[in-house]
Amino acid sequence: MSVSAQSLKQADANRTPDTSKPLLEVRNLEVEYWTRRGVVRAVDGVSFDIRPNEVFGLAGESGCGKSTIAHAVTRVLKPPAYITGGEVLFNNENILAMNDETLRGFRWEHLSIVFQSAMNSLNPVLTVGEQIIDVLQTHRQMNKKQARERARELLNVVGIDPNRIDSYPHQLSGGMRQRVVISIALALNPEMIVMDEPTTALDVVVQKQIIEEIQELKQKFGFSILFITHDLSLLVEFSDRIGIMYAGELIEVAPSRELFSAPKHPYTQRLMSSFPTIYGPRQELHGIAGSPPDLISPPSGCRFNPRCDVAIAGLCQQVHPELLQVGPLHRAACHLLNEEAADYARNTQ
Amino acid sequence: MLEIPNEIEPILEVRDLTKHFTSGNIFTRHVVRAVEGASFKLHRGKVVALVGESGSGKSTIVRMLARLYQPTRGEILFEGKNSLEGNDRLPLKMYRSRVQMIFQDPFSSLNPVNKVGYHIERPLRLYGMFLGYRGKAAIEQQVGELLKRVSLTPVEEFRNKYPHQLSGGQRQRVAIARALAVEPDVILADEPVSMLDVSIRMGVLNLMAELRDKQGIAFLYVTHDIASARYFADETLVMYAGRIVEGAPSEDLIQSPKHPYTQLLLASVPDPSRGLRTGVSVDKGEVPDLASVGVGCPFAARCPHVMDVCRKAMPPVTTLPDKRWVRCYLYENGVPQTMKSNGGGSASGGITI
């Protein structure tokens, strides 16, 4: 990738998130789905953290556990999914240990959620105004009039004519519905918003409008975002740091530009050259042979080894690779990186 | 209508294809103009991509070509013969044995109660009279051949699997094998990879490219992903609100989009190789309701270059050099000076006001 490396480095320096205390810390999170076929370990020992004002992206193929993490962090998982281990600290408070009462006060005040399908997350028999007012009145001491006024403000903030306040969801386009959902997420000025594929069902032009709007809002109000998508190009453009997931595990974490220009894990490398682009040179692409493993009985050793063309015989099939520090903010889980990680450790000492 | 010079006869040609749907009751009756005056040609061994947002009418065109919808107006010519009407028209069954389709969702286009082998056998039995397959053994052997062609090996194992035992990519390969069974000249692929994971999309696209090159199959590749059109298609057509607004060789279209909508579309595609976040703002508009599109260019309401004439009548096709054409008044007198500087990939530059 020969995208002027200099300018990228420059940009990385500017965009490197501060080393202040993380807002959200996910530690060894484990989530299982108990199905009739067996136990699916959808999220297996995932750890990452998100700092104030940071956009952290999680990417991976379907079934890799990225949405499960979004649901676990916000505690909206329903059986057969169970959180079986780890903790999620938000400002040092463990979300997973909160009782229902505390959780109700916490969710939406501090941490809100935008789901993939705005169609399904809005109630079709209530006007959008009623749905925003509902959130405001549940959490704040507001009378109907104040709440309605605030709801109009919120609609204005996300670029919808406030006079559409009495519209029903079906009267709005997909993009407008998603904006309404974002305005509800913003209603109480949370410190963090979890966005699970917020633009996947939308067309690229509308997607771009919404992403730009989220960026503006973020500048204006200041919040962190956990952004989940399978669209890597979008993620690289939009996030500060990216985590790549494969088969329930986090296999690489890096600042987004670094991940794009110098991915370390063989899976990330193959993934980055699996989709055609419109600006780079036109080249032959191959994708990755095989398909992601069944998580009821994942492969031993590195979970990517059956699809990996640089796997080390005898090692990758047996020994599970740990995340290694290969740069200041760059970690990857691959045996091929042992030496690089050792070098890095020596140099930083 | 489109003066794209080509020495070889097109295998499938569409002229002024139009589909209107009526909805509502007698009081609220209104017409949805799903497709208006679409014209293009498919050639053997070439891929034409049809790119557009959801609701732009791309799937309606495919369904008309698959003869699932009866067009309101227009002609579908297969090997130069009108296949819609006239005494010498191609019988529907014959037409379908030459023009096959691959659907978007491989999870719903295969019957879950039937094995892979059955899915591929069906067309061989139904269209056997055109193909000359008779007898169980010949069909069995041909099923094996087809599975091999789409790289579902070992054949004996895959033949007896049910769809739920296959991954998305494998299912789409079964769908391709089923389409190939009747040895079609044309394959209509309606978003064939958009439901698949990123890492397996290329495998399926490369398989189709191989079929194009080795068997000379003509593809109509319908997609919302303009980058994959660049990768796979020789020619790309851009649709907006029921109209094909621009057509060009794929690489040229990406490098120097002419129609303001194509420019907007390209500027909206996230692409990390473009460099840093540009901060270029796209417009806030949305695709118009197809029931309320009046006369004139459907993009006029959002177009940064809109002129009075745009609201009065749909722009005619303007033919440009290098096998390109565009439906936009800006180009009626050739490429305008102000737009020329936008070429060379700076798609985002063209749309700022």
# chains A, B, ... in the order shown; residues from 1 in each chain; ligands from 1
$ interface_residues --of "chain A" --to "chain B" --cutoff "7 Å" --atoms "only C-alpha atoms" --output "PyMOL selection string"
chain A and resi 3+61-62+203-205+208-209+233-234+236-237+271+274-280+282+285-288
$ residues_around --residues "Ser250 in chain B" --least-positions-apart "5" --cutoff "6 Å" --atoms "only C-alpha atoms" --output "list in words"
Arg230, Asp234, Glu235 and Thr236 of chain B
$ residues_around --residues "Gln100 in chain B" --least-positions-apart "4" --cutoff "10 Å" --atoms "only C-alpha atoms" --output "VMD selection string"
chain B and resid 65 to 66 95 to 96 176 178 to 189 219
$ write_last_selection --atoms "C-alpha atoms" --output "JSON list (two decimals), in the first residue's frame"
[["chain", "number", "residue", "atom", "x", "y", "z"],
["B", 65, "LEU", "CA", -34.76, -9.71, -18.32],
["B", 66, "ALA", "CA", -35.43, -12.97, -16.49],
["B", 95, "TYR", "CA", -35.34, -18.12, -23.57],
["B", 96, "ARG", "CA", -34.85, -19.22, -20.00],
["B", 176, "ILE", "CA", -23.99, -20.76, -9.87],
["B", 178, "ARG", "CA", -27.53, -24.58, -11.07],
["B", 179, "ALA", "CA", -27.48, -21.60, -13.41],
["B", 180, "LEU", "CA", -24.69, -23.19, -15.45],
["B", 181, "ALA", "CA", -26.52, -26.49, -15.81],
["B", 182, "VAL", "CA", -28.50, -25.37, -18.85],
["B", 183, "GLU", "CA", -25.38, -23.96, -20.49],
["B", 184, "PRO", "CA", -26.71, -20.43, -20.66],
["B", 185, "ASP", "CA", -25.30, -17.65, -22.81],
["B", 186, "VAL", "CA", -26.29, -14.98, -20.34],
["B", 187, "ILE", "CA", -26.27, -14.98, -16.53],
["B", 188, "LEU", "CA", -28.14, -12.30, -14.65],
["B", 189, "ALA", "CA", -26.44, -11.95, -11.26],
["B", 219, "PHE", "CA", -22.99, -11.35, -17.29]]
$ residues_around --residues "Ala313 in chain B" --least-positions-apart "4" --cutoff "10 Å" --atoms "only C-alpha atoms" --output "PyMOL selection string"
chain B and resi 294-298+308-309+329
$ select_by_dssp --residues "range 49-127 of chain B" --states "helix (DSSP H, G or I)" --output "VMD selection string"
chain B and resid 58 to 65 92 to 98 116 to 126
$ write_last_selection --atoms "N, CA and C atoms" --output "mmCIF file, in the first residue's frame"
data_model
loop_
_atom_site.group_PDB
_atom_site.id
_atom_site.type_symbol
_atom_site.label_atom_id
_atom_site.label_comp_id
_atom_site.auth_asym_id
_atom_site.auth_seq_id
_atom_site.Cartn_x
_atom_site.Cartn_y
_atom_site.Cartn_z
ATOM 1 N N LYS B 58 -32.735 -1.409 -10.251
ATOM 2 C CA LYS B 58 -31.839 -2.387 -10.842
ATOM 3 C C LYS B 58 -32.426 -3.790 -10.829
ATOM 4 N N SER B 59 -33.020 -4.165 -9.709
ATOM 5 C CA SER B 59 -33.590 -5.514 -9.641
ATOM 6 C C SER B 59 -34.800 -5.653 -10.558
ATOM 7 N N THR B 60 -35.543 -4.566 -10.761
ATOM 8 C CA THR B 60 -36.687 -4.620 -11.676
ATOM 9 C C THR B 60 -36.203 -4.919 -13.091
ATOM 10 N N ILE B 61 -35.088 -4.321 -13.480
ATOM 11 C CA ILE B 61 -34.530 -4.608 -14.805
ATOM 12 C C ILE B 61 -34.163 -6.083 -14.914
ATOM 13 N N VAL B 62 -33.514 -6.594 -13.874
ATOM 14 C CA VAL B 62 -33.125 -8.003 -13.892
ATOM 15 C C VAL B 62 -34.360 -8.892 -14.015
ATOM 16 N N ARG B 63 -35.390 -8.563 -13.264
ATOM 17 C CA ARG B 63 -36.589 -9.413 -13.311
ATOM 18 C C ARG B 63 -37.276 -9.348 -14.659
ATOM 19 N N MET B 64 -37.217 -8.201 -15.308
ATOM 20 C CA MET B 64 -37.781 -8.146 -16.659
ATOM 21 C C MET B 64 -36.944 -8.995 -17.600
ATOM 22 N N LEU B 65 -35.630 -8.926 -17.448
ATOM 23 C CA LEU B 65 -34.760 -9.710 -18.318
ATOM 24 C C LEU B 65 -34.917 -11.202 -18.057
ATOM 25 N N LEU B 92 -40.715 -18.947 -24.196
ATOM 26 C CA LEU B 92 -40.218 -18.579 -22.875
ATOM 27 C C LEU B 92 -39.240 -19.610 -22.324
ATOM 28 N N LYS B 93 -39.594 -20.881 -22.503
ATOM 29 C CA LYS B 93 -38.741 -21.919 -21.933
ATOM 30 C C LYS B 93 -37.372 -21.934 -22.611
ATOM 31 N N MET B 94 -37.394 -21.726 -23.907
ATOM 32 C CA MET B 94 -36.144 -21.667 -24.660
ATOM 33 C C MET B 94 -35.324 -20.472 -24.186
ATOM 34 N N TYR B 95 -36.027 -19.345 -24.034
ATOM 35 C CA TYR B 95 -35.340 -18.124 -23.572
ATOM 36 C C TYR B 95 -34.664 -18.376 -22.235
ATOM 37 N N ARG B 96 -35.410 -19.011 -21.342
ATOM 38 C CA ARG B 96 -34.851 -19.220 -20.001
ATOM 39 C C ARG B 96 -33.720 -20.236 -19.998
ATOM 40 N N SER B 97 -33.679 -21.082 -20.999
ATOM 41 C CA SER B 97 -32.556 -22.014 -21.049
ATOM 42 C C SER B 97 -31.291 -21.300 -21.524
ATOM 43 N N ARG B 98 -31.464 -20.122 -22.089
ATOM 44 C CA ARG B 98 -30.302 -19.364 -22.545
ATOM 45 C C ARG B 98 -29.917 -18.256 -21.567
ATOM 46 N N VAL B 116 -27.960 -30.850 -2.511
ATOM 47 C CA VAL B 116 -27.259 -30.106 -3.560
ATOM 48 C C VAL B 116 -27.455 -30.770 -4.923
ATOM 49 N N GLY B 117 -27.289 -32.079 -4.951
ATOM 50 C CA GLY B 117 -27.412 -32.812 -6.204
ATOM 51 C C GLY B 117 -28.755 -32.562 -6.872
ATOM 52 N N TYR B 118 -29.815 -32.547 -6.084
ATOM 53 C CA TYR B 118 -31.159 -32.354 -6.617
ATOM 54 C C TYR B 118 -31.291 -30.981 -7.265
ATOM 55 N N HIS B 119 -30.746 -29.948 -6.590
ATOM 56 C CA HIS B 119 -30.854 -28.592 -7.117
ATOM 57 C C HIS B 119 -30.239 -28.476 -8.504
ATOM 58 N N ILE B 120 -29.148 -29.184 -8.700
ATOM 59 C CA ILE B 120 -28.450 -29.048 -9.979
ATOM 60 C C ILE B 120 -29.064 -29.967 -11.035
ATOM 61 N N GLU B 121 -29.660 -31.071 -10.560
ATOM 62 C CA GLU B 121 -30.319 -32.002 -11.478
ATOM 63 C C GLU B 121 -31.567 -31.410 -12.119
ATOM 64 N N ARG B 122 -32.301 -30.622 -11.312
ATOM 65 C CA ARG B 122 -33.593 -30.092 -11.781
ATOM 66 C C ARG B 122 -33.517 -29.431 -13.149
ATOM 67 N N PRO B 123 -32.665 -28.429 -13.317
ATOM 68 C CA PRO B 123 -32.623 -27.794 -14.639
ATOM 69 C C PRO B 123 -32.229 -28.776 -15.732
ATOM 70 N N LEU B 124 -31.385 -29.766 -15.403
ATOM 71 C CA LEU B 124 -30.989 -30.738 -16.421
ATOM 72 C C LEU B 124 -32.196 -31.555 -16.872
ATOM 73 N N ARG B 125 -33.063 -31.880 -15.926
ATOM 74 C CA ARG B 125 -34.267 -32.639 -16.290
ATOM 75 C C ARG B 125 -35.260 -31.760 -17.043
ATOM 76 N N LEU B 126 -35.471 -30.533 -16.514
ATOM 77 C CA LEU B 126 -36.474 -29.650 -17.099
ATOM 78 C C LEU B 126 -36.101 -29.202 -18.505
#
$ atom_distance --atom1 "CA of Ile210 in chain A" --atom2 "CA of Ala241 in chain B"
20.9 Å
$ residues_around --residues "Met195 in chain B" --least-positions-apart "2" --cutoff "7 Å" --atoms "only C-alpha atoms" --output "PyMOL selection string"
chain B and resi 104-105+193+197
$ decode --residues "range 1-127 of chain B" --atoms "C-alpha atoms" --output "mmCIF file, in the first residue's frame"
data_model
loop_
_atom_site.group_PDB
_atom_site.id
_atom_site.type_symbol
_atom_site.label_atom_id
_atom_site.label_comp_id
_atom_site.auth_asym_id
_atom_site.auth_seq_id
_atom_site.Cartn_x
_atom_site.Cartn_y
_atom_site.Cartn_z
ATOM 1 C CA MET B 1 -30.144 4.263 -28.774
ATOM 2 C CA LEU B 2 -26.695 4.020 -27.320
ATOM 3 C CA GLU B 3 -24.112 4.410 -29.994
ATOM 4 C CA ILE B 4 -21.502 2.164 -28.502
ATOM 5 C CA PRO B 5 -19.654 0.889 -31.518
ATOM 6 C CA ASN B 6 -19.117 -2.811 -31.381
ATOM 7 C CA GLU B 7 -18.132 -5.107 -34.166
ATOM 8 C CA ILE B 8 -19.780 -8.186 -32.686
ATOM 9 C CA GLU B 9 -23.502 -8.722 -32.387
ATOM 10 C CA PRO B 10 -24.807 -8.361 -28.858
ATOM 11 C CA ILE B 11 -26.202 -11.539 -27.339
ATOM 12 C CA LEU B 12 -28.884 -9.643 -25.453
ATOM 13 C CA GLU B 13 -30.088 -6.176 -26.203
ATOM 14 C CA VAL B 14 -32.558 -4.076 -24.304
ATOM 15 C CA ARG B 15 -34.296 -1.121 -25.911
ATOM 16 C CA ASP B 16 -36.305 1.476 -24.066
ATOM 17 C CA LEU B 17 -37.285 -1.007 -21.386
ATOM 18 C CA THR B 18 -39.858 0.467 -19.033
ATOM 19 C CA LYS B 19 -41.794 -0.856 -16.074
ATOM 20 C CA HIS B 20 -44.559 0.995 -14.288
ATOM 21 C CA PHE B 21 -46.299 -0.405 -11.256
ATOM 22 C CA THR B 22 -49.652 0.942 -10.231
ATOM 23 C CA SER B 23 -50.605 0.996 -6.605
ATOM 24 C CA GLY B 24 -53.426 2.230 -4.428
ATOM 25 C CA ASN B 25 -57.150 1.923 -5.075
ATOM 26 C CA ILE B 26 -59.183 3.841 -7.658
ATOM 27 C CA PHE B 27 -59.059 6.994 -5.542
ATOM 28 C CA THR B 28 -55.448 6.918 -4.471
ATOM 29 C CA ARG B 29 -54.173 5.264 -7.614
ATOM 30 C CA HIS B 30 -50.716 6.306 -8.613
ATOM 31 C CA VAL B 31 -48.013 5.037 -10.889
ATOM 32 C CA VAL B 32 -44.581 4.066 -9.658
ATOM 33 C CA ARG B 33 -42.128 4.455 -12.504
ATOM 34 C CA ALA B 34 -39.674 1.777 -11.441
ATOM 35 C CA VAL B 35 -37.722 1.736 -14.684
ATOM 36 C CA GLU B 36 -37.896 4.286 -17.500
ATOM 37 C CA GLY B 37 -36.358 3.783 -20.902
ATOM 38 C CA ALA B 38 -33.436 1.512 -20.105
ATOM 39 C CA SER B 39 -31.306 0.563 -23.094
ATOM 40 C CA PHE B 40 -28.096 -1.430 -23.118
ATOM 41 C CA LYS B 41 -26.380 -4.409 -24.699
ATOM 42 C CA LEU B 42 -24.710 -7.518 -23.323
ATOM 43 C CA HIS B 43 -21.949 -9.190 -25.271
ATOM 44 C CA ARG B 44 -20.502 -12.676 -25.016
ATOM 45 C CA GLY B 45 -17.571 -12.865 -22.649
ATOM 46 C CA LYS B 46 -18.252 -9.424 -21.207
ATOM 47 C CA VAL B 47 -19.634 -8.218 -17.915
ATOM 48 C CA VAL B 48 -21.930 -5.238 -17.666
ATOM 49 C CA ALA B 49 -22.474 -3.911 -14.149
ATOM 50 C CA LEU B 50 -25.635 -2.122 -13.139
ATOM 51 C CA VAL B 51 -24.898 0.063 -10.131
ATOM 52 C CA GLY B 52 -27.355 2.032 -8.055
ATOM 53 C CA GLU B 53 -28.832 2.577 -4.632
ATOM 54 C CA SER B 54 -31.675 0.486 -3.288
ATOM 55 C CA GLY B 55 -34.917 1.327 -5.011
ATOM 56 C CA SER B 56 -33.196 2.626 -8.120
ATOM 57 C CA GLY B 57 -34.779 -0.089 -10.245
ATOM 58 C CA LYS B 58 -31.839 -2.387 -10.842
ATOM 59 C CA SER B 59 -33.590 -5.514 -9.641
ATOM 60 C CA THR B 60 -36.687 -4.620 -11.676
ATOM 61 C CA ILE B 61 -34.530 -4.608 -14.805
ATOM 62 C CA VAL B 62 -33.125 -8.003 -13.892
ATOM 63 C CA ARG B 63 -36.589 -9.413 -13.311
ATOM 64 C CA MET B 64 -37.781 -8.146 -16.659
ATOM 65 C CA LEU B 65 -34.760 -9.710 -18.318
ATOM 66 C CA ALA B 66 -35.433 -12.974 -16.488
ATOM 67 C CA ARG B 67 -38.996 -12.644 -17.824
ATOM 68 C CA LEU B 68 -40.465 -12.632 -14.342
ATOM 69 C CA TYR B 69 -42.056 -9.209 -14.937
ATOM 70 C CA GLN B 70 -43.764 -8.214 -18.141
ATOM 71 C CA PRO B 71 -42.304 -4.866 -19.249
ATOM 72 C CA THR B 72 -44.733 -1.983 -19.666
ATOM 73 C CA ARG B 73 -42.905 -0.929 -22.795
ATOM 74 C CA GLY B 74 -39.741 -1.727 -24.647
ATOM 75 C CA GLU B 75 -37.996 -4.622 -26.298
ATOM 76 C CA ILE B 76 -35.745 -7.433 -25.188
ATOM 77 C CA LEU B 77 -33.801 -8.774 -28.141
ATOM 78 C CA PHE B 78 -32.052 -12.101 -27.769
ATOM 79 C CA GLU B 79 -29.579 -12.669 -30.593
ATOM 80 C CA GLY B 80 -31.342 -9.903 -32.460
ATOM 81 C CA LYS B 81 -34.808 -11.439 -32.128
ATOM 82 C CA ASN B 82 -37.554 -9.857 -30.108
ATOM 83 C CA SER B 83 -38.252 -12.241 -27.299
ATOM 84 C CA LEU B 84 -41.342 -10.503 -25.954
ATOM 85 C CA GLU B 85 -43.790 -10.498 -28.842
ATOM 86 C CA GLY B 86 -44.264 -11.432 -32.453
ATOM 87 C CA ASN B 87 -44.901 -14.794 -34.052
ATOM 88 C CA ASP B 88 -41.274 -15.777 -34.303
ATOM 89 C CA ARG B 89 -40.439 -14.856 -30.728
ATOM 90 C CA LEU B 90 -38.307 -17.162 -28.690
ATOM 91 C CA PRO B 91 -40.513 -19.439 -26.557
ATOM 92 C CA LEU B 92 -40.218 -18.579 -22.875
ATOM 93 C CA LYS B 93 -38.741 -21.919 -21.933
ATOM 94 C CA MET B 94 -36.144 -21.667 -24.660
ATOM 95 C CA TYR B 95 -35.340 -18.124 -23.572
ATOM 96 C CA ARG B 96 -34.851 -19.220 -20.001
ATOM 97 C CA SER B 97 -32.556 -22.014 -21.049
ATOM 98 C CA ARG B 98 -30.302 -19.364 -22.545
ATOM 99 C CA VAL B 99 -30.686 -16.670 -19.890
ATOM 100 C CA GLN B 100 -30.190 -17.786 -16.288
ATOM 101 C CA MET B 101 -30.209 -16.005 -13.004
ATOM 102 C CA ILE B 102 -28.293 -15.999 -9.699
ATOM 103 C CA PHE B 103 -30.068 -14.449 -6.740
ATOM 104 C CA GLN B 104 -28.748 -12.335 -3.926
ATOM 105 C CA ASP B 105 -29.554 -14.517 -0.975
ATOM 106 C CA PRO B 106 -28.150 -18.047 -1.197
ATOM 107 C CA PHE B 107 -29.893 -18.817 2.100
ATOM 108 C CA SER B 108 -33.345 -18.489 0.581
ATOM 109 C CA SER B 109 -32.733 -19.364 -3.060
ATOM 110 C CA LEU B 110 -32.015 -23.021 -2.269
ATOM 111 C CA ASN B 111 -34.762 -25.263 -0.966
ATOM 112 C CA PRO B 112 -33.664 -26.483 2.471
ATOM 113 C CA VAL B 113 -35.286 -29.905 2.096
ATOM 114 C CA ASN B 114 -33.404 -30.836 -1.057
ATOM 115 C CA LYS B 115 -29.819 -31.928 -1.443
ATOM 116 C CA VAL B 116 -27.259 -30.106 -3.560
ATOM 117 C CA GLY B 117 -27.412 -32.812 -6.204
ATOM 118 C CA TYR B 118 -31.159 -32.354 -6.617
ATOM 119 C CA HIS B 119 -30.854 -28.592 -7.117
ATOM 120 C CA ILE B 120 -28.450 -29.048 -9.979
ATOM 121 C CA GLU B 121 -30.319 -32.002 -11.478
ATOM 122 C CA ARG B 122 -33.593 -30.092 -11.781
ATOM 123 C CA PRO B 123 -32.623 -27.794 -14.639
ATOM 124 C CA LEU B 124 -30.989 -30.738 -16.421
ATOM 125 C CA ARG B 125 -34.267 -32.639 -16.290
ATOM 126 C CA LEU B 126 -36.474 -29.650 -17.099
ATOM 127 C CA TYR B 127 -34.383 -28.405 -19.991
#
